[in-house]
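See structure below.
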Number of protein chains: 2
Amino acid sequence: MRTAYHEELESITDSLVDMAHLVGSAIGRATTALLDADLQLAESVIAADEKVDDLQRDLENRAIALLARQQPVATDLRIVVTSLRMSADLERSGDLAQHVAKLARRRYPERAVPRDLRRTILEMGQLAQRLMAQAAEVLITHDVEAALQLEQDDDRMDELHRLIFQHLLDDQWHHGVETAVDTTLAGRYYERFADHAVSVARHVVYLATGEHADELTTDSPATV
Amino acid sequence: MRTAYHEELESITDSLVDMAHLVGSAIGRATTALLDADLQLAESVIAADEKVDDLQRDLENRAIALLARQQPVATDLRIVVTSLRMSADLERSGDLAQHVAKLARRRYPERAVPRDLRRTILEMGQLAQRLMAQAAEVLITHDVEAALQLEQDDDRMDELHRLIFQHLLDDQWHHGVETAVDTTLAGRYYERFADHAVSVARHVVYLATGEHADELTTDSPATV
């Protein structure tokens, strides 16, 4: 009985990892679609989000069934409850990747991103994908150091987001209002995507230590 | 024993209602701060969000303690798990109200909203506050009709959001890029805030009927 139970618990983590892989791939492909004005790729990202939503709903049902049948306590209970939170983060990340793809689609055949911001958006897209890959790894390893590292790596995302604003508010901006709107939204989507990856990592820290990640990091010299 | 247990369950719902009231008030005050460029009001909204975060953390701890001690099943289990999801929605709504207030603060003493968009932003702010008040009510009454109504009322928010984009992308736009950026973000914040109110209502539908709200609404003529 306990064995089947632990298999169920593990299968919930497996689903979270699958979701993280799917949304990591989605943000990477959405970024390519955005930069290359690739409509077909954008459409495929938009369509693929359904799979993430299905995984989330399925995970939620399994988690609730497990709570009802097995009534886990202590660490196991924490794993199940936290999984519900993490699955919500991942589902939302999938939506954000889809939003990036929709920006590409809306401006097609034009490109939504002006030439002088391509490098920044590319870096944001790659960083978002990398952060989600790290989150997936942390879900498997429960490595607290690596989880806290994610938070620091996210600082670069905030820098890039600020850089976008500097660009937008510069008097030299000559790409017009429509592109300003798209760029504002894209910046926001990437920043939120990264926040969700960090949130997953924080939940893992909580699982591994019983402490919330902010409590840990305020004491740590690593945050300075 | 069971009485204390049901009191605990009820106190979780009470906290959700408190959170909904707080964030509803926050979005209302943030909108005033934004429209009037009222720095003091903006600061008070920004500071007040801590209270919402505290409520959420407290609710989460109580829910987990209740799961561990009482091991609820069936409807009670669903109430606890769903409360965790709803508290996340409400916490996030608080962040969004705070973001609106931060827009006001960033542009102070200037106004972030141009004159010809004041009415639209005012309507978005009022609608957001009203949707959250409805969500709070639905949390108390578990009235499925009222919960589904929220979804329809949210259609107006989507209309207003589209109206903002039309304005932004109009050739007549002469408020510059900074205001375009602020307006884009404000529109997005209100729309997301309303989504979270709708999400709370959907969770209530699930609690009351065991069905997810989209399954109910696709069969209902009310969605046409």
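Identifiers for the structure tokens are assigned positionally: chains receive A, B, ... in sequence, residues are indexed from 1 per chain, and ligands are indexed from 1 in the order shown.
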Go through stretch 58-142 of chain B residue by residue and, counting only C-alpha atoms, keep those with an atom at most 10 Å from stretch 182-206 of chain B; for each kept residue give the shortest atom pair and its distance in Å to one decimal, ordered by chain and increasing number, as a tab-separated table.
```
residue	atom	partner	partner_atom	distance
B:Arg78	CA	B:Tyr206	CA	8.8
B:Ile79	CA	B:Val204	CA	8.9
B:Thr82	CA	B:His203	CA	6.5
B:Ser83	CA	B:His203	CA	8.4
B:Arg85	CA	B:His203	CA	8.1
B:Met86	CA	B:Val200	CA	5.4
B:Ser87	CA	B:Val200	CA	8.6
B:Ala88	CA	B:His196	CA	9.1
B:Asp89	CA	B:His196	CA	5.3
B:Leu90	CA	B:His196	CA	6.9
B:Glu91	CA	B:His196	CA	9.5
B:Arg92	CA	B:His196	CA	7.7
B:Ser93	CA	B:Phe193	CA	5.2
B:Gly94	CA	B:Phe193	CA	8.3
B:Asp95	CA	B:Phe193	CA	9.1
B:Leu96	CA	B:Tyr189	CA	5.6
B:Ala97	CA	B:Tyr189	CA	7.6
B:Gln98	CA	B:Tyr189	CA	9.6
B:His99	CA	B:Tyr189	CA	7.3
B:Val100	CA	B:Ala186	CA	6.2
B:Ala101	CA	B:Ala186	CA	9.7
B:Leu103	CA	B:Asp182	CA	6.9
B:Ala104	CA	B:Asp182	CA	9.2
B:Arg106	CA	B:Asp182	CA	9.6
B:Arg107	CA	B:Asp182	CA	9.0
B:Ala112	CA	B:Asp182	CA	6.4
B:Val113	CA	B:Thr183	CA	6.7
B:Pro114	CA	B:Thr183	CA	8.7
B:Leu117	CA	B:Thr183	CA	8.8
B:Thr120	CA	B:Gly187	CA	9.6
B:Ile121	CA	B:Gly187	CA	7.8
B:Met124	CA	B:Tyr190	CA	6.5
B:Gly125	CA	B:Tyr190	CA	6.9
B:Gln126	CA	B:Tyr190	CA	9.9
B:Leu127	CA	B:Ala194	CA	8.1
B:Ala128	CA	B:Ala194	CA	5.5
B:Gln129	CA	B:Ala194	CA	8.5
B:Arg130	CA	B:Ala194	CA	9.4
B:Leu131	CA	B:Ala197	CA	6.1
B:Met132	CA	B:Ala197	CA	5.3
B:Ala133	CA	B:Ala197	CA	8.7
B:Gln134	CA	B:Ala197	CA	8.3
B:Ala135	CA	B:Ala201	CA	5.6
B:Ala136	CA	B:Val200	CA	8.6
B:Glu137	CA	B:Ala201	CA	9.5
B:Val138	CA	B:Ala201	CA	6.6
B:Leu139	CA	B:Val204	CA	6.5
B:Ile140	CA	B:Val204	CA	9.5
B:Thr141	CA	B:Val204	CA	9.4
B:His142	CA	B:Val204	CA	6.2
```
Give me, as a Markdown table, each residue of chain A that comes within 9 Å of chain B, together with its shortest interatomic pair and the distance in Å at one decimal, counting only C-alpha atoms, with rows ordered by chain and rising residue number.
```
| residue | atom | partner | partner_atom | distance |
| --- | --- | --- | --- | --- |
| A:Ile64 | CA | B:Arg78 | CA | 7.6 |
| A:Leu67 | CA | B:Val73 | CA | 7.9 |
| A:Ala68 | CA | B:Val73 | CA | 5.2 |
| A:Arg69 | CA | B:Val73 | CA | 8.2 |
| A:Gln71 | CA | B:Gln71 | CA | 5.8 |
| A:Pro72 | CA | B:Ala68 | CA | 7.3 |
| A:Val73 | CA | B:Ala68 | CA | 5.2 |
| A:Ala74 | CA | B:Ala68 | CA | 7.1 |
| A:Leu77 | CA | B:Ala68 | CA | 7.2 |
| A:Arg78 | CA | B:Ile64 | CA | 7.6 |
| A:Val81 | CA | B:Ile64 | CA | 7.7 |
| A:Leu84 | CA | B:Arg85 | CA | 8.1 |
| A:Arg85 | CA | B:Arg85 | CA | 7.4 |
| A:Ala88 | CA | B:Arg85 | CA | 8.3 |
| A:Phe165 | CA | B:Val181 | CA | 8.6 |
| A:Leu168 | CA | B:Val177 | CA | 6.9 |
| A:Leu169 | CA | B:Glu178 | CA | 5.7 |
| A:Asp170 | CA | B:Val177 | CA | 9.0 |
| A:Trp173 | CA | B:Val177 | CA | 8.1 |
| A:Gly176 | CA | B:Val177 | CA | 7.8 |
| A:Val177 | CA | B:Val177 | CA | 6.1 |
| A:Glu178 | CA | B:Leu169 | CA | 5.7 |
| A:Ala180 | CA | B:Val181 | CA | 6.7 |
| A:Val181 | CA | B:Val181 | CA | 6.2 |
| A:Asp182 | CA | B:Thr184 | CA | 8.9 |
| A:Thr183 | CA | B:Val181 | CA | 8.9 |
| A:Thr184 | CA | B:Val181 | CA | 6.2 |
| A:Leu185 | CA | B:Thr184 | CA | 7.5 |
| A:Arg188 | CA | B:Leu185 | CA | 8.5 |
```
Q) Which of these residues is nearest to B:Leu207, using only C-alpha atoms: B:Asp76, B:Glu145, B:Asp14, B:Asp154? A)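 Under the stated criterion, the closest residue is B:Asp76.
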Q: Rounded to one decimal place, report the atom CA of A:Leu163-atom CA of A:Arg115 distance in Å.
A: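 These atoms are spaced 14.8 Å apart.
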**Q.** Distance in Å - atom CA of B:Leu34 versus atom CA of B:Glu151
**A.**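 Those two atoms sit 26.0 Å apart.
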Q) Using only C-alpha atoms, which of the listed residues (B:Glu211, B:Asp116, B:Asp158, B:Glu10) sits closest to B:Leu35? A) B:Asp116
Q) Which distance in Å separates atom CA of A:Ala47 and atom CA of A:Ser11, to one decimal? A)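 Computed distance, atom CA of A:Ala47 to atom CA of A:Ser11, equals 25.0 Å.
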Q) Which residue, B:Ala37, B:Val45, B:Ile12, B:Leu55, has the smallest gap to B:Ser25 when you use only C-alpha atoms? A) B:Val45
Q) Mind checking DSSP for stretch 104-222 of chain B and telling me the helix (DSSP H, G or I) residues as a ChimeraX atom specification? A) /B:104-107,115-141,144-169,176-209,213-219,221-222
